[in-house]
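K.L.:
Submitted below is the structure of interest, expressed as structure tokens.
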Amino acid sequence: MLISRKWLSQYMDLGNRSMEEIADKITSAGLEVEGIIKMSEGSNLVIGHVCSCIDHPDSDHLHVCQVDLGDNIEQIVCGAPNVASGQKVIVAKVGAKLPDGEINAGMIRGQASNGMICSLLELGVDPHLLSEESKNGIEVLDENAPIGHSDPLGYLGLDDVILDIGLTPNRNDCMAAWAMAKEVGAILNLPVTLPVCDGMAMQEGLKATLKVASDTEKCPLFLGKVIHHVTIKESPKWMKELLHASGVKSINNVVDISNIVMLETGQPMHFYDKDALPSLEITVKDQMQTSYTALDKETYKILPDDIMITNQGKPIGIAGIMGGNDSKIEQTTRGIVLEAAIFHHVSIRNTARRLNLNTDASIRYQKGIEPLATYKALDRAVQLLIEYADASKIEETVVCGSNHYEPTELDVNLERINHLLGTNFTEAEVLNVLERLHLSPSKTSDDIHLMIPSYRQDLRIEADIAEEIIRILGYDHLDETLPTMPATLGMLDARQQMRRRLRNELTICGYQEAITYTLVSDQRNEDAILGLDEPVVLASPMSEDRKIVRRSILPSLLGSVAYNQNRSMKDVALFEISNVYGKNHVEEHLAIAMSGDIQSSRWQGIKIKADFYTMKGMLISLLSSLGFEGKRISVQPNTLDKVHFHPYQSACLYMGKELLAIFGTIHPKMAKQYDVSHVVMAELTLEPLMKQKPSKVKYMPISKYPSVTQDLAFVVSKDVNVADIIKAIEKNGKLDKEQVIVNIEVFDVYTGEHVEQGYKSIALSVTFQSSKRTLSETEIQSLREQILSALESDVHAILRK
Amino acid sequence: MEHLTKIKEQAKTEIEACEDNASLQQLRILYLGKKGPIQEVMKTMKDLPKEERPAFGAQVNEVKNEISQLLEERKTILEEKEMLETMEQERIDITLSGYRPHMGNMHPLMIVQQELEDIFIGLGYQVAEGPEVECDLYNFERANIPKDHPARDMQDTFFINAEELLRTHTTAVQMRQLEKYHEEGKELIKVICPGKVYRRDDDDATHSHQFMQCEGLVVGKDIQLSDLKGTLSFMAKKMFGDKRIIRFRPSYFQFTEPSVEVDVSCHICGGKGCHVCKGTGWIEILGAGMIHPNVLEMAGFDSTKVSGFAFGMGIERVAMLKYGIDDIRSFYTNDLRFLKMFNRFE
């Protein structure tokens with residue numbers, strides 16, 4: 001919303017308050033001033049008279065002018081095509097500061113030039129407001145312009161300063177200058193006087209010959225009026241200046257009046273050339289399906305939901321958005337038909353959006369117009385048309401429908417307001433604010449009775465009034481207190497604690513937390529790993545890359561791995577914890593993706609590679625730290641996903657029968673597709689962990705008796721899993737019902753030279769210990785024999801001597 | 001006697017001159033062994049008169065002990081010396097790099113979220129969460145934003161269908177919490193709701209179609225606007241430093257009335273004005289207000305009996321201010337060089 005000093009000064013005496021001061025005050029009262037714009041800028045300017053103008057001897061487009069500046073005559077070289085002897089012009093003297101820089105004395109192709117003859121563009125005027133003529137050359141002032149006048153911008157009425165105010169959606173009433181004036185008056189505590197025009201449109205006149213009808217509920221009120229005679233001419237200066245300050249171009253007096261009334265009241269109006277309408281009949285309709293060429297000469301496709309203004313069944317305007325070219329006001333217009341109507345804001349919004357037509361009118365309709373504005377606007381339009389367009393032969397107003405307006409009355413209570421705010425405002429303070437806001441406060445026995453003006457549709461309840469009071473009196477009146485209430489327990493729930501635990505463990509072990517986008521492409525959706533059933537798809541996505549709510553984290557995380565690998569970062573270990581979605585289903589997942597080395601110190605020869613086993617160990621450790629370990633957790637061959645994983649280097653992780661994770665080396669095909677190399681990855685659902693009980697810490701006294709460790713080395717077929725070997729050993733570890741094998745550790749796995757093809761050599765150490773006594777050598781020896789024969793029979797192991 | 005003294009003197013000289021343990025062992029055998037001079041002297045004792053023998057024996061033993069002690073002392077010294085020599089051989093170059101276990105760290109947004117959680121947990125708040133695929137009901141209707149309300153335009157929404165959408169604010173979680181607490185018959189709520197939210201924005205340096213918010217909600221019998229100010233002032237001091245002060249400016253949100261924007265005095269310049277606060281000395285970080293009575297009523301509460309406040313902030317914004325990050329997209333690119341900078345809590 002733009003409002004200028006000149007606009008405000010019509011209604012109140014701003015005195016010598018600076019615009020900065022006014023901006024500060026209204027910003028702190030809730031109308032945020034986003035910018036202070038000068039209509040034009042330039043120092044050291046003067047009105048000059050071009051005494052002579054000859055072609056530059058050394059140029060085909062420059063002119064050499066002698067310009068009378070009042071005190072002296074200066075030679076100025078000017079390149080404008082329209083400069084001519086006898087003109088009154090704006091001269092920037094040497095030393096003048098203009099938006100694009102400072103003016104210096106100089107020589108231009110051998111001719112002295114002491115100043116510049118200016119165009120309005122060079123003085124910072126918004127080009128949108130200028131005619132083609134003005135944009136293409138220097139500004140030529142009227143003949144009577146006083147030579148030597150040192151404020152040419154003021155002379156042209158371009159000395160206004162404009163506030164650009166961002167309105168919150170509850171204060172769209174301030175789109176109307178009159179409402180804005182009242183607001184500013186309330187904030188600055190100044191009396192505000194608005195033009196008096198009440199009833200202008202409703203006074204008696206010629207009998208109405210216009211017929212108005214509305215066939216749609218989306219137009220509850222339509223006011224129409226015929227004025228048989230108007231004179232089209234230039235608008236008065238004040239009107240042009242105000243329009244310019246609001247960024248609206250002046251056309252002619254009648255069009256300008258429709259615009260100025262809209263700016264004043266917030267109500268868009270439309271004027272039709274009476275003689276261009278086939279008959280004096282207007283019907284508001286929807287349910288039309290046609291194409292229509294509007295004022296901007298563009299043709300629009302009209303659908304049944306759009307509201308149209310029609311005459312004899314043919315459209316003459318898109319209601320509330322744009323009128324038609326056929327009936328627009330021209331120089332030749334003699335009589336006009338006035339329209340002021342209410343159209344349903346949702347319908348206007350939908351149509352304006354679909355047609356991509358954001359006009360001053362449609363914006364106002366979308367934001368909502370105050371209920372009485374329709375009448376106010378028609379009154380004001382009639383008043384201005386009589387005064388500035390010689391309007392006569394005025395017909396009575398035709399009213400179709402109603403604004404259904406009931407004034408709001410409200411009882412508010414000072415004590416409750418102070419209690420809500422935590423303040424101690426006095427009755428006098430509060431009454432003063434309510435007066436300033438024109439809420440007509442009157443005291444009843446307990447309360448304050450308020451009459452809410454029609455334009456304050458945002459004031460409905462006591463809390464609204466509380467806000468009005470504190471925003472006008474200022475928030476610095478508010479103390480800082482803490483809630484007085486019974487103590488509450490601040491804590492994380494089990495899921496939140498688990499999440500923090502996972503983050504801790506993973507980051508300590510060298511994994512970096514990532515956050516990737518939730519919305520993914522078709523491809524990433526299809527590549528979901530451990531993905532939920534049936535994806536959630538956006539109705540109208542912004543791009544192909546962001547159209548589906550992800551069912552799995554890994555495809556996105558691989559994107560981040562690729563990003564880093566492509567920037568020469570080879571050691572990548574990323575994890576992400578996030579919700580993933582399916583229709584009617586949400587799960588929390590953890591994904592890990594890594595490549596290169598997890599830990600390394602090259603000169604020391606330390607290196608932990610990102611491989612299947614590093615991933616497996618990490619997952620088992622993580623689960624263990626959450627209280628899930630031992631027999632509850634099992635690693636099984638991957639039978640579920642051989643498309644994304646290397647079929648022989650991947651596995652599934654189960655808790656009991658519930659699938660927890662798929663992990664392993666990426667399938668070479670997927671690696672190629674995602675532009676990553678040597679990635680090991682895992683996707684894990686956290687839901688089973690939330691459902692199952694973690695095992696508690698079990699304290700066991702440390703055995704007082706010594707342990708004995710024995711190494712075994714043997715050869716088995718390549719197909720034998722280490723897990724089966726360990727199982728066979730464990731089975732034979734009992735002595736007097738006590739499990740005395742306390743640890744089995746594989747320390748070498750070897751295939752190649754010295755081992756027969758199809759076989760592998762395995763070396764492991766077995767640790768024996770009893771918690772009851774020292775084990776004798778013979779006991780250990782016999783356990784060893786037992787183990788070896790079991791290995792021989794169970795997995796056909798051959799002991800290496 | 002003289003002979004004994006001579007032996008002792010000579011032993012002493014030789015022991016002191018001895019430079020290694022093996023030679024020292026030789027000396028021990030030489031002097032104290034069966035064939036050594038002490039034994040020789042001892043053998044002469046039988047030639048002495050009986051009454052002189054004890055005194056003589058004692059003297060010989062004394063010399064023997066003295067030599068023995070000298071040998072021990074020398075041994076300790078030599079061992080020490082050898083150890084020193086060995087250790088010197090073991091000298092390492094301490095300027096070579098040590099093995100630094102590679103540690104990861106939390107994502108900066110999670111660091112900020114966790115900090116916020118911990119501040120409010122300390123004040124007795126619980127942390128609440130809710131679905132990102134949300135219904136219109138909780139995202140809009142319950143937040144006092146009915147269908148076709150112009151306020152919906154402020155938050156351009158990713159719809160899934162007429163009823164489902166990606167939540168545009170964590171206010172949706174607050175609305176669920178209000179309902180939950182009411183159903184449980186509780187009239188005392190203190191929760192914060194961190195989480196991801198989504199809006200139809202083109203991604204650029206200051207906009208992201210996905211970002212994170214953290215909102216807070218307090219409901220009770222006598223909750224006042226001044227309580228909101230006190231709470232947020234506490235938070236600002238914890239987050240941005242003890243010297244921070246806050247100010248309220250009027251604003252508008254559908255679900256609060258009165259509504260305020262909250263500014264924190266600039267943590268870079270201390271309020272004097274700099275490029276971060278654009279010369280104003282203040283940085284806008286929060287939206288807040290007293291919960292609109294309609295919102296309380298829709299969740300089942302009697303708005304004449306309970307009141308409450310709510311506040312919300314963007315986690316990216318807080319992180320950007322705290323660390324001086326100027327492009328919101330950096331949070332979602334996961335460039336390791338970026339992520340690794342946040343390897344500590346501050």
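Each chain in the structure tokens gets a letter, A, B, ..., in the order shown, and its residues are numbered from 1; ligands are numbered from 1 in order too.
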Name the residues in contact with B:Arg176 at a cut-off of 10 Å, using only C-alpha atoms, excluding same-chain residues fewer than 2 positions from it; report them as a list in words.
P.N.:
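Skipping anything fewer than 2 positions along the chain leaves Ala128, Glu129, Gly130, Pro131, Leu137, Tyr138, Asn139, Arg142, Thr171, Ala172, Val173, Gln174, Leu178, Glu179, Lys180, Tyr181, His182 and Ala299 of chain B.
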K.L.:
Output as CSV one row per residue of chain B within 7 Å of chain A: the closest atom pair and its distance in Å to one decimal place, counting only C-alpha atoms, sorted by chain and residue number ascending.
P.N.:
residue,atom,partner,partner_atom,distance
B:Tyr99,CA,A:Ser601,CA,5.7
B:Pro101,CA,A:Gln599,CA,6.5
B:His102,CA,A:Gly510,CA,5.0
B:Met103,CA,A:Gly510,CA,3.8
B:Gly104,CA,A:Thr507,CA,4.1
B:Asn105,CA,A:Thr507,CA,5.0
B:Met106,CA,A:Glu513,CA,5.1
B:His107,CA,A:Glu513,CA,5.1
B:Ile121,CA,A:Gly490,CA,4.3
B:Gly122,CA,A:Gly490,CA,6.3
B:Leu123,CA,A:Gly490,CA,6.7
B:Gly124,CA,A:Gly490,CA,3.7
B:Tyr125,CA,A:Gly490,CA,4.4
B:Gln126,CA,A:Gly490,CA,5.0
B:Val127,CA,A:Leu492,CA,6.1
B:Asp148,CA,A:Val346,CA,6.2
B:Pro150,CA,A:Lys367,CA,6.5
B:Ala151,CA,A:Pro169,CA,6.3
B:Phe158,CA,A:Leu538,CA,6.6
B:Phe159,CA,A:Ala539,CA,5.7
B:Ile160,CA,A:Leu538,CA,4.4
B:Asn161,CA,A:Ala539,CA,6.0
B:Gln210,CA,A:Tyr517,CA,6.9
B:Gly220,CA,A:Met485,CA,6.9
B:Ile223,CA,A:Pro483,CA,6.0
B:Gln224,CA,A:Leu420,CA,5.0
B:Leu225,CA,A:Leu421,CA,4.6
B:Ser226,CA,A:Gly422,CA,5.2
B:Asp227,CA,A:Leu482,CA,4.5
B:Lys229,CA,A:Glu480,CA,5.2
B:Gly230,CA,A:Glu480,CA,3.9
B:Thr231,CA,A:Leu482,CA,5.9
B:Phe248,CA,A:Tyr475,CA,5.9
B:Arg249,CA,A:Ser28,CA,5.9
B:Pro250,CA,A:Gly30,CA,4.5
B:Ser251,CA,A:Gly30,CA,5.7
B:Tyr252,CA,A:Thr168,CA,6.0
B:Glu257,CA,A:Ala463,CA,5.8
B:Pro258,CA,A:Glu467,CA,4.7
B:Tyr332,CA,A:Thr516,CA,5.5
B:Thr333,CA,A:Ser560,CA,6.7
B:Asn334,CA,A:Ala514,CA,5.8
B:Asp335,CA,A:Asn564,CA,6.1
B:Leu336,CA,A:Asn564,CA,6.8
K.L.:
Can I get the selection written as a short mmCIF file (atom, residue, chain, number, x, y, z; two decimals), in the first residue's frame, with C-alpha atoms?
P.N.:
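The result, stored in out_15.cif:
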data_model
loop_
_atom_site.label_atom_id
_atom_site.label_comp_id
_atom_site.auth_asym_id
_atom_site.auth_seq_id
_atom_site.Cartn_x
_atom_site.Cartn_y
_atom_site.Cartn_z
CA TYR B 99 45.95 -40.46 15.04
CA PRO B 101 39.82 -40.48 15.39
CA HIS B 102 37.52 -39.00 12.79
CA MET B 103 34.39 -37.85 14.55
CA GLY B 104 31.23 -36.72 12.82
CA ASN B 105 28.88 -34.12 14.13
CA MET B 106 25.25 -33.22 14.16
CA HIS B 107 23.72 -31.19 11.36
CA ILE B 121 13.05 -28.68 28.76
CA GLY B 122 14.80 -26.74 31.50
CA LEU B 123 11.68 -24.60 31.81
CA GLY B 124 9.45 -27.66 32.15
CA TYR B 125 8.33 -28.06 28.55
CA GLN B 126 7.79 -31.35 26.75
CA VAL B 127 8.83 -31.85 23.15
CA ASP B 148 -11.12 -19.43 1.34
CA PRO B 150 -7.16 -14.71 2.42
CA ALA B 151 -4.64 -15.63 5.13
CA PHE B 158 1.67 -28.24 -1.23
CA PHE B 159 -1.65 -30.04 -1.37
CA ILE B 160 -1.90 -33.78 -1.76
CA ASN B 161 -5.66 -33.76 -2.18
CA GLN B 210 11.43 -27.14 2.97
CA GLY B 220 -3.03 -22.46 31.79
CA ILE B 223 -1.35 -16.91 31.25
CA GLN B 224 -0.64 -13.33 30.22
CA LEU B 225 1.06 -11.59 27.35
CA SER B 226 3.79 -10.44 29.74
CA ASP B 227 4.55 -14.14 30.44
CA LYS B 229 7.66 -11.67 26.85
CA GLY B 230 9.46 -13.05 29.91
CA THR B 231 9.71 -16.52 28.39
CA PHE B 248 7.54 -6.73 20.68
CA ARG B 249 6.04 -5.20 17.57
CA PRO B 250 2.38 -5.61 16.62
CA SER B 251 1.70 -8.18 13.94
CA TYR B 252 -0.99 -10.49 12.70
CA GLU B 257 -4.61 -12.25 19.29
CA PRO B 258 -2.83 -10.02 20.16
CA TYR B 332 20.36 -29.08 2.38
CA THR B 333 23.35 -29.59 0.09
CA ASN B 334 25.23 -31.60 2.73
CA ASP B 335 28.63 -30.51 1.52
CA LEU B 336 31.00 -32.16 4.01
#
K.L.:
Atom CA of B:Gln254 and atom CA of B:Lys147, how far apart in Å?
P.N.:
12.6 Å
K.L.:
Near A:Ser621, counting only C-alpha atoms, which residues have an atom at most 12 Å away, once you skip same-chain residues fewer than 6 positions from it, shown as a list in words?
P.N.:
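Residues near the query, excluding close chain neighbours: Leu502, Glu505, Leu506, Cys509, Tyr613, Thr614, Met615, Gly627, Phe628, Glu629, Gly630 and Ile633 of chain A.
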K.L.:
Let's have the selection written as a PDB file, in the first residue's frame, with N, CA and C atoms.
P.N.:
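Ended up saving to selection.pdb:
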ATOM      1  N   LEU A 502      21.136 -42.323  19.007  1.00  0.00           N
ATOM      2  CA  LEU A 502      21.656 -42.720  17.686  1.00  0.00           C
ATOM      3  C   LEU A 502      22.597 -41.647  17.145  1.00  0.00           C
ATOM      4  N   GLU A 505      25.953 -41.806  19.058  1.00  0.00           N
ATOM      5  CA  GLU A 505      26.809 -42.951  18.719  1.00  0.00           C
ATOM      6  C   GLU A 505      27.415 -42.768  17.330  1.00  0.00           C
ATOM      7  N   LEU A 506      26.554 -42.399  16.389  1.00  0.00           N
ATOM      8  CA  LEU A 506      27.016 -42.305  15.005  1.00  0.00           C
ATOM      9  C   LEU A 506      28.042 -41.193  14.833  1.00  0.00           C
ATOM     10  N   CYS A 509      31.361 -42.126  16.206  1.00  0.00           N
ATOM     11  CA  CYS A 509      32.060 -43.103  15.374  1.00  0.00           C
ATOM     12  C   CYS A 509      32.479 -42.535  14.032  1.00  0.00           C
ATOM     13  N   TYR A 613      31.526 -55.048   6.267  1.00  0.00           N
ATOM     14  CA  TYR A 613      31.738 -55.442   7.663  1.00  0.00           C
ATOM     15  C   TYR A 613      31.749 -54.239   8.601  1.00  0.00           C
ATOM     16  N   THR A 614      32.257 -53.105   8.102  1.00  0.00           N
ATOM     17  CA  THR A 614      32.233 -51.891   8.920  1.00  0.00           C
ATOM     18  C   THR A 614      30.780 -51.496   9.184  1.00  0.00           C
ATOM     19  N   MET A 615      29.982 -51.606   8.122  1.00  0.00           N
ATOM     20  CA  MET A 615      28.563 -51.278   8.267  1.00  0.00           C
ATOM     21  C   MET A 615      27.876 -52.247   9.215  1.00  0.00           C
ATOM     22  N   GLY A 627      20.141 -51.428  23.525  1.00  0.00           N
ATOM     23  CA  GLY A 627      19.613 -52.520  24.345  1.00  0.00           C
ATOM     24  C   GLY A 627      19.048 -53.663  23.525  1.00  0.00           C
ATOM     25  N   PHE A 628      19.457 -53.756  22.265  1.00  0.00           N
ATOM     26  CA  PHE A 628      18.984 -54.869  21.446  1.00  0.00           C
ATOM     27  C   PHE A 628      20.200 -55.650  20.963  1.00  0.00           C
ATOM     28  N   GLU A 629      20.405 -56.847  21.532  1.00  0.00           N
ATOM     29  CA  GLU A 629      21.608 -57.576  21.163  1.00  0.00           C
ATOM     30  C   GLU A 629      21.400 -59.068  21.322  1.00  0.00           C
ATOM     31  N   GLY A 630      22.468 -59.815  21.048  1.00  0.00           N
ATOM     32  CA  GLY A 630      22.450 -61.258  21.264  1.00  0.00           C
ATOM     33  C   GLY A 630      21.505 -61.956  20.317  1.00  0.00           C
ATOM     34  N   ILE A 633      18.886 -60.332  17.763  1.00  0.00           N
ATOM     35  CA  ILE A 633      19.283 -59.728  16.492  1.00  0.00           C
ATOM     36  C   ILE A 633      19.914 -60.786  15.602  1.00  0.00           C
TER      37      ILE A 633
END
K.L.:
So which residues touch A:Met288 within 8 Å, counting only C-alpha atoms, skipping near sequence neighbours fewer than 5 positions away, as a list of chain:residue names?
P.N.:
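Close residues of A:Met288: A:Ile302, A:Leu303, A:Pro304, A:Asp305, A:Asp306, A:Met308.
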K.L.:
Write out as a ChimeraX atom specification the residues lying within 12 Å of B:Lys238, counting only C-alpha atoms and excluding same-chain residues fewer than 2 positions away.
P.N.:
/B:112,115-120,122-123,231-236,240-245,264,267,346
K.L.:
Please report the interatomic distance between atom CA of A:Leu684 and atom CA of B:Val133 in Å with one decimal.
P.N.:
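Value for the atom CA of A:Leu684-atom CA of B:Val133 distance: 20.9 Å.
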K.L.:
Please report the interatomic distance between atom CA of B:Pro37 and atom CA of B:Ile77 in Å with one decimal.
P.N.:
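These atoms are spaced 25.1 Å apart.
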K.L.:
Excluding A:Gly324 and residues on its chain fewer than 4 positions from it, collect all residues at most 12 Å away from it, counting only C-alpha atoms, and give them as a list in words.
P.N.:
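Close residues of A:Gly324: His270, Phe271, Tyr272, Asp273, Ala276, Leu277, Tyr292, Thr293, Ala294, Leu295, Asp296, Lys297, Glu298, Thr299, Tyr300, Met308, Ile309, Thr310, Asn311, Lys314, Pro315, Ile316, Gly317, Ile318, Ala319, Gly320, Lys328 and Ile329 of chain A.
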K.L.:
Would you export the selected residues with C-alpha atoms as a PDB file, in the first residue's frame, please?
P.N.:
ATOM      1  CA  HIS A 270     -16.175   0.796 -13.295  1.00  0.00           C
ATOM      2  CA  PHE A 271     -17.481   3.458 -15.675  1.00  0.00           C
ATOM      3  CA  TYR A 272     -18.956   2.458 -19.047  1.00  0.00           C
ATOM      4  CA  ASP A 273     -19.425   4.701 -22.036  1.00  0.00           C
ATOM      5  CA  ALA A 276     -21.259   2.161 -26.378  1.00  0.00           C
ATOM      6  CA  LEU A 277     -23.735  -0.114 -24.582  1.00  0.00           C
ATOM      7  CA  TYR A 292     -13.634 -12.410 -24.106  1.00  0.00           C
ATOM      8  CA  THR A 293     -11.381  -9.560 -25.154  1.00  0.00           C
ATOM      9  CA  ALA A 294     -10.815  -7.180 -22.258  1.00  0.00           C
ATOM     10  CA  LEU A 295      -9.560  -3.590 -21.949  1.00  0.00           C
ATOM     11  CA  ASP A 296      -5.945  -4.711 -22.370  1.00  0.00           C
ATOM     12  CA  LYS A 297      -6.905  -6.150 -25.795  1.00  0.00           C
ATOM     13  CA  GLU A 298      -5.975  -9.656 -24.624  1.00  0.00           C
ATOM     14  CA  THR A 299      -8.490 -12.433 -25.185  1.00  0.00           C
ATOM     15  CA  TYR A 300      -9.342 -14.527 -22.136  1.00  0.00           C
ATOM     16  CA  MET A 308     -19.216 -11.644 -15.919  1.00  0.00           C
ATOM     17  CA  ILE A 309     -20.935  -8.315 -16.436  1.00  0.00           C
ATOM     18  CA  THR A 310     -23.241  -8.685 -19.428  1.00  0.00           C
ATOM     19  CA  ASN A 311     -25.414  -6.578 -21.643  1.00  0.00           C
ATOM     20  CA  LYS A 314     -22.985 -10.520 -24.148  1.00  0.00           C
ATOM     21  CA  PRO A 315     -20.088  -9.858 -21.793  1.00  0.00           C
ATOM     22  CA  ILE A 316     -19.010  -6.250 -21.282  1.00  0.00           C
ATOM     23  CA  GLY A 317     -16.534  -6.895 -18.483  1.00  0.00           C
ATOM     24  CA  ILE A 318     -14.895  -9.525 -16.277  1.00  0.00           C
ATOM     25  CA  ALA A 319     -16.493  -8.598 -12.964  1.00  0.00           C
ATOM     26  CA  GLY A 320     -14.154  -7.017 -10.448  1.00  0.00           C
ATOM     27  CA  LYS A 328     -14.295   2.161 -22.266  1.00  0.00           C
ATOM     28  CA  ILE A 329     -14.272   5.903 -21.633  1.00  0.00           C
TER      29      ILE A 329
END
K.L.:
List as a list in words the protein and nucleic acid residues near B:Lys305, meaning an atom at most 10 Å away when only C-alpha atoms are counted, but skip any in the same chain fewer than 6 places from it.
P.N.:
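In the requested format, the answer is Glu187, Gly220, Lys221 and Asp222 of chain B.
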K.L.:
Go ahead and save the residues from that selection, with N, CA and C atoms, as a PDB file, in the first residue's frame.
P.N.:
ATOM      1  N   GLU B 187      -5.542 -29.239  31.731  1.00  0.00           N
ATOM      2  CA  GLU B 187      -5.678 -27.823  31.376  1.00  0.00           C
ATOM      3  C   GLU B 187      -4.360 -27.092  31.542  1.00  0.00           C
ATOM      4  N   GLY B 220      -2.795 -22.326  30.364  1.00  0.00           N
ATOM      5  CA  GLY B 220      -3.028 -22.464  31.789  1.00  0.00           C
ATOM      6  C   GLY B 220      -4.088 -21.484  32.235  1.00  0.00           C
ATOM      7  N   LYS B 221      -4.229 -21.350  33.536  1.00  0.00           N
ATOM      8  CA  LYS B 221      -5.323 -20.529  34.044  1.00  0.00           C
ATOM      9  C   LYS B 221      -5.105 -19.022  33.861  1.00  0.00           C
ATOM     10  N   ASP B 222      -3.950 -18.529  34.152  1.00  0.00           N
ATOM     11  CA  ASP B 222      -3.764 -17.076  34.144  1.00  0.00           C
ATOM     12  C   ASP B 222      -2.598 -16.656  33.272  1.00  0.00           C
TER      13      ASP B 222
END
K.L.:
Among the residues of stretch 145-202 of chain B, find those DSSP assigns to alpha helix (DSSP H) from the backbone and print them as a list in words.
P.N.:
Thr171, Ala172, Val173, Gln174, Met175, Arg176, Gln177, Leu178, Glu179, Lys180, Tyr181, His182 and Glu183 of chain B
K.L.:
Selected residues, N, CA and C atoms, written as a short mmCIF file (atom, residue, chain, number, x, y, z; two decimals), in the first residue's frame, please.
P.N.:
data_model
loop_
_atom_site.label_atom_id
_atom_site.label_comp_id
_atom_site.auth_asym_id
_atom_site.auth_seq_id
_atom_site.Cartn_x
_atom_site.Cartn_y
_atom_site.Cartn_z
N THR B 171 2.48 -25.13 13.62
CA THR B 171 1.23 -24.81 14.32
C THR B 171 0.29 -26.02 14.30
N ALA B 172 0.38 -26.80 13.21
CA ALA B 172 -0.44 -28.00 13.12
C ALA B 172 -0.19 -28.93 14.31
N VAL B 173 1.06 -29.02 14.74
CA VAL B 173 1.39 -29.87 15.90
C VAL B 173 0.76 -29.27 17.16
N GLN B 174 0.82 -27.95 17.27
CA GLN B 174 0.20 -27.30 18.43
C GLN B 174 -1.29 -27.62 18.49
N MET B 175 -1.94 -27.57 17.34
CA MET B 175 -3.38 -27.81 17.31
C MET B 175 -3.70 -29.24 17.75
N ARG B 176 -2.85 -30.19 17.31
CA ARG B 176 -3.03 -31.57 17.75
C ARG B 176 -2.79 -31.72 19.25
N GLN B 177 -1.79 -31.00 19.75
CA GLN B 177 -1.49 -31.06 21.18
C GLN B 177 -2.64 -30.50 22.00
N LEU B 178 -3.19 -29.36 21.55
CA LEU B 178 -4.32 -28.77 22.26
C LEU B 178 -5.45 -29.79 22.40
N GLU B 179 -5.75 -30.45 21.28
CA GLU B 179 -6.83 -31.42 21.28
C GLU B 179 -6.52 -32.60 22.20
N LYS B 180 -5.29 -33.07 22.12
CA LYS B 180 -4.87 -34.23 22.91
C LYS B 180 -4.97 -33.93 24.40
N TYR B 181 -4.42 -32.78 24.79
CA TYR B 181 -4.47 -32.43 26.21
C TYR B 181 -5.91 -32.27 26.67
N HIS B 182 -6.75 -31.66 25.84
CA HIS B 182 -8.13 -31.49 26.24
C HIS B 182 -8.81 -32.83 26.42
N GLU B 183 -8.55 -33.76 25.48
CA GLU B 183 -9.16 -35.08 25.59
C GLU B 183 -8.69 -35.81 26.83
#
K.L.:
Using only C-alpha atoms, which of the listed residues (B:Met212, B:Ile268, B:Ala205, B:Ala143) sits closest to B:Pro108?
P.N.:
B:Met212
K.L.:
Write out as a ChimeraX atom specification the set of residues from stretch 463-650 of chain A that DSSP, computed on the backbone, places in strand (DSSP E).
P.N.:
/A:512-513,519-520,536-537,548-549,572-582,585-595,597-601,606-609,633-637,645-650
